[in-house]
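Trainee: Before I ask anything, let me first share the structure, which is written out below as structure tokens.
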Amino acid sequence: MNTGFFDGISPVRYEGPDSTNPLAFRHYNPDEVIMGKRMEEHLRFAVAYWHSLAWEGGDPFGGHTFERPWHPQNDMGRAKLKADVAFEMFALLGQPFYCWHDADIRPEGATFAESQRNFEEIIDYFAGKMDAGGPRLLWGTANMFSHRRFMSGAATNPDPDVFAWAAATVKNCMDATQKLGGENYVLWGGREGYETLLNTDMGRELDHMGRFLNMVVEYKHKIGFKGQIMVEPKPQEPSKHQYDYDAATCYGFLQKYGLEGEVTLNLEQGHAILAGHSFEHEIATATSLGVFGSIDMNRNDYQSGWDTDQFPNNVPEVALAYYHILNAGGFTRGGTNFDAKLRRQSLDPQDLIAAHVGGMDVCARGFKAAVAMVADGGLQAALETRYCGWDTPEARTMLGGSLEQAAARVVSGDVDPQPRSGRQEMLENYVNRFV
Ligand code: XUL
Ligand code: CO
């Protein structure tokens with residue numbers, strides 16, 4: 001049954017860079033083969049159910065603006081209508097993946113058991129639509145930050161009953177992700193942190209979070225889930241401070257709790273900016289530490305300082321992000337999720353389609369620029385020149401030796417370092433040739 005929500009909008013097609021059709025791809029051509037793989041398989045786009053379908057357009061100063069036919073989302077009939085519209089939207093966009101939180105897709109029940117029944121019914125409804133040609137699931141996740149029971153955290157809550165509730169919630173979401181053949185499972189700890197240290201035992205909370213994540217990994221192996229378990233760094237918002245602050249902090253946490261090799265990172269552009277980093281910094285950190293998993297490609301407004309979750313529109317930023325991803329071998333099970341929402345004045349169904357079309361096109365342009373930089377090899381050659389001193393036998397011996405041995409070469413007068421230009425402006429000019 002067609003809901004009619006997107007009446008008048010046709011499936012989005014690639015029409016090439018000269019097209020003036022606002023609902024056509026000008027750069028994203030899923031079938032174009034680049035470096036031996038279709039563009040669709042490189043970029044692995046996913047639509048986020050929560051922002052596109054569940055969010056009602058509220059902000060801290062005002063309520064909903066969207067008034068979709070499935071709002072308010074408090075019964076199963078509306079949850080199914082929302083699912084019908086979601087899969088109609090996916091069919092128009094043709095993206096290969098989507099993502100959900102439990103709370104986006106089912107109404108909350110009066111009890112845990114009722115919420116679970118609602119959730120399982122919708123998961124079966126999704127399964128039917130996915131079998132009928134809908135997109136695959138890039139990742140499932142649990143919303144453990146909206147309901148008031150989670151106001152003081154989920155795994156880090158001072159109340160052990162909330163820890164138990166979180167365990168039951170994640171177990172259900174992992175089961176559903178597995179059932180739908182999901183590629184990954186994500187944990188974002190929006191309230192795993194604190195509002196004030198005056199009431200927070202940080203060491204205890206970190207130990208609980210570490211134990212919880214170990215339980216998740218143990219359960220993954222128990223059920224034979226083949227996807228990645230990922231955590232998603234973010235420094236703050238909604239909490240004043242979040243323990244998964246950034247990629248480096250998460251890596252330290254994973255090491256302390258014995259989870260390196262088990263858990264990777266879902267990095268979000270806007271979260272990188274909130275942490276005072278560039279997106280490529282977060283990607284380079286994760287790839288160099290061996291914990292890169294996937295990305296949420298949504299930006300913030302640089303003036304507002306909030307996590308505004310806007311669709312990407314900055315090709316040079318996107319290009320550098322994909323450059324680092326490509327250099328690390330590209331996505332394996334990860335992908336490019338648009339954890340992005342419309343502005344609350346963008347009321348029309350076609351705004352929803354146009355936002356994704358624009359995001360996919362910006363990513364495609366950035367990706368092609370990144371591919372061209374990889375193929376040209378200019379940045380790589382500059383790195384090789386800059387570090388070539390380390391290829392000498394003396395340098396290699398030094399790394400394997402002691403502080404005194406390194407010192408002895410200097411004292412004997414063999415070593416006389418001459419500073420060399422870092423060539424930053426030349427490299428920036430080089431990048432600008434491609435973007
Ligand atoms: C919040 C955020 C989440 C996670 C999934 O800033 O990014 O949507 O991606 O919980
Ligand atoms: Co995100």
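In the structure tokens, the first chain shown is A, the next is B, and so on; residue numbers restart at 1 for each chain, and ligands run from 1 in the order shown.
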Neighbouring residues of ligand 2 are defined here as those with any atom at most 12 Å from a ligand atom, counting only C-alpha atoms and all ligand atoms; list them as number ranges by chain.

Mentor: A: 46-51, 99-101, 139-141, 143, 186-190, 230-234, 237, 265-272, 294-300, 307-310, 336-341

Trainee: Using only C-alpha atoms, tabulate the residues of stretch 173-216 of chain A lying at most 8 Å from any atom of stretch 149-164 of chain A, each with its closest atom pair and that distance in Å to one decimal, by chain and increasing residue number, as a Markdown table.

Mentor:
| residue | atom | partner | partner_atom | distance |
| --- | --- | --- | --- | --- |
| A:Gly189 | CA | A:Ala154 | CA | 7.9 |
| A:Gly190 | CA | A:Gly153 | CA | 7.9 |
| A:Arg191 | CA | A:Gly153 | CA | 4.6 |
| A:Glu192 | CA | A:Gly153 | CA | 4.9 |
| A:Gly193 | CA | A:Gly153 | CA | 7.0 |
| A:Tyr194 | CA | A:Ser152 | CA | 7.6 |
| A:Glu205 | CA | A:Thr156 | CA | 4.8 |
| A:Leu206 | CA | A:Thr156 | CA | 7.1 |
| A:His208 | CA | A:Thr156 | CA | 5.9 |
| A:Met209 | CA | A:Ala155 | CA | 5.4 |
| A:Phe212 | CA | A:Ala155 | CA | 6.3 |

Trainee: Between A:Arg204, A:Trp55, A:Ala83, A:Phe367, which has the minimum distance to ligand 1 (counting only C-alpha atoms and all ligand atoms)?

Mentor: A:Trp55

Trainee: May I ask for the distance between atom CA of A:Met1 and atom CA of A:Ala79, given in Å to one decimal place?

Mentor: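 Value for the atom CA of A:Met1-atom CA of A:Ala79 distance: 15.1 Å.
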
Trainee: Taking into account only C-alpha atoms and all ligand atoms, which residue in the set A:Asp244, A:Met35, A:Phe112, A:Thr196 is nearest to ligand 1?

Mentor: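 Smallest separation from ligand 1 among the options: A:Asp244.
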
Trainee: Compile the contact shell of stretch 324-329 of chain A as a list in words: residues with an atom at most 10 Å away, counting only C-alpha atoms, same-chain residues fewer than 4 positions apart removed.

Mentor: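 Counting only C-alpha atoms, the residues come to His42, Phe279, Glu280, His281, Glu282, Ile283, Ala284, Thr285, Ala286, Thr287, Ser288, Gly290, Phe292, Gly293, Ser294, Ile295, Ala319, Leu320, Phe367, Ala370, Val371, Val374 and Gln380 of chain A.
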
Trainee: When you look at stretch 118-129 of chain A with a cut-off of 7 Å (counting only C-alpha atoms), what residues show up, excluding the ones that are within fewer than 2 positions of it in the same chain? I need them as a PyMOL selection string.

Mentor: chain A and resi 102+105-107+114-116+131-134+176+180
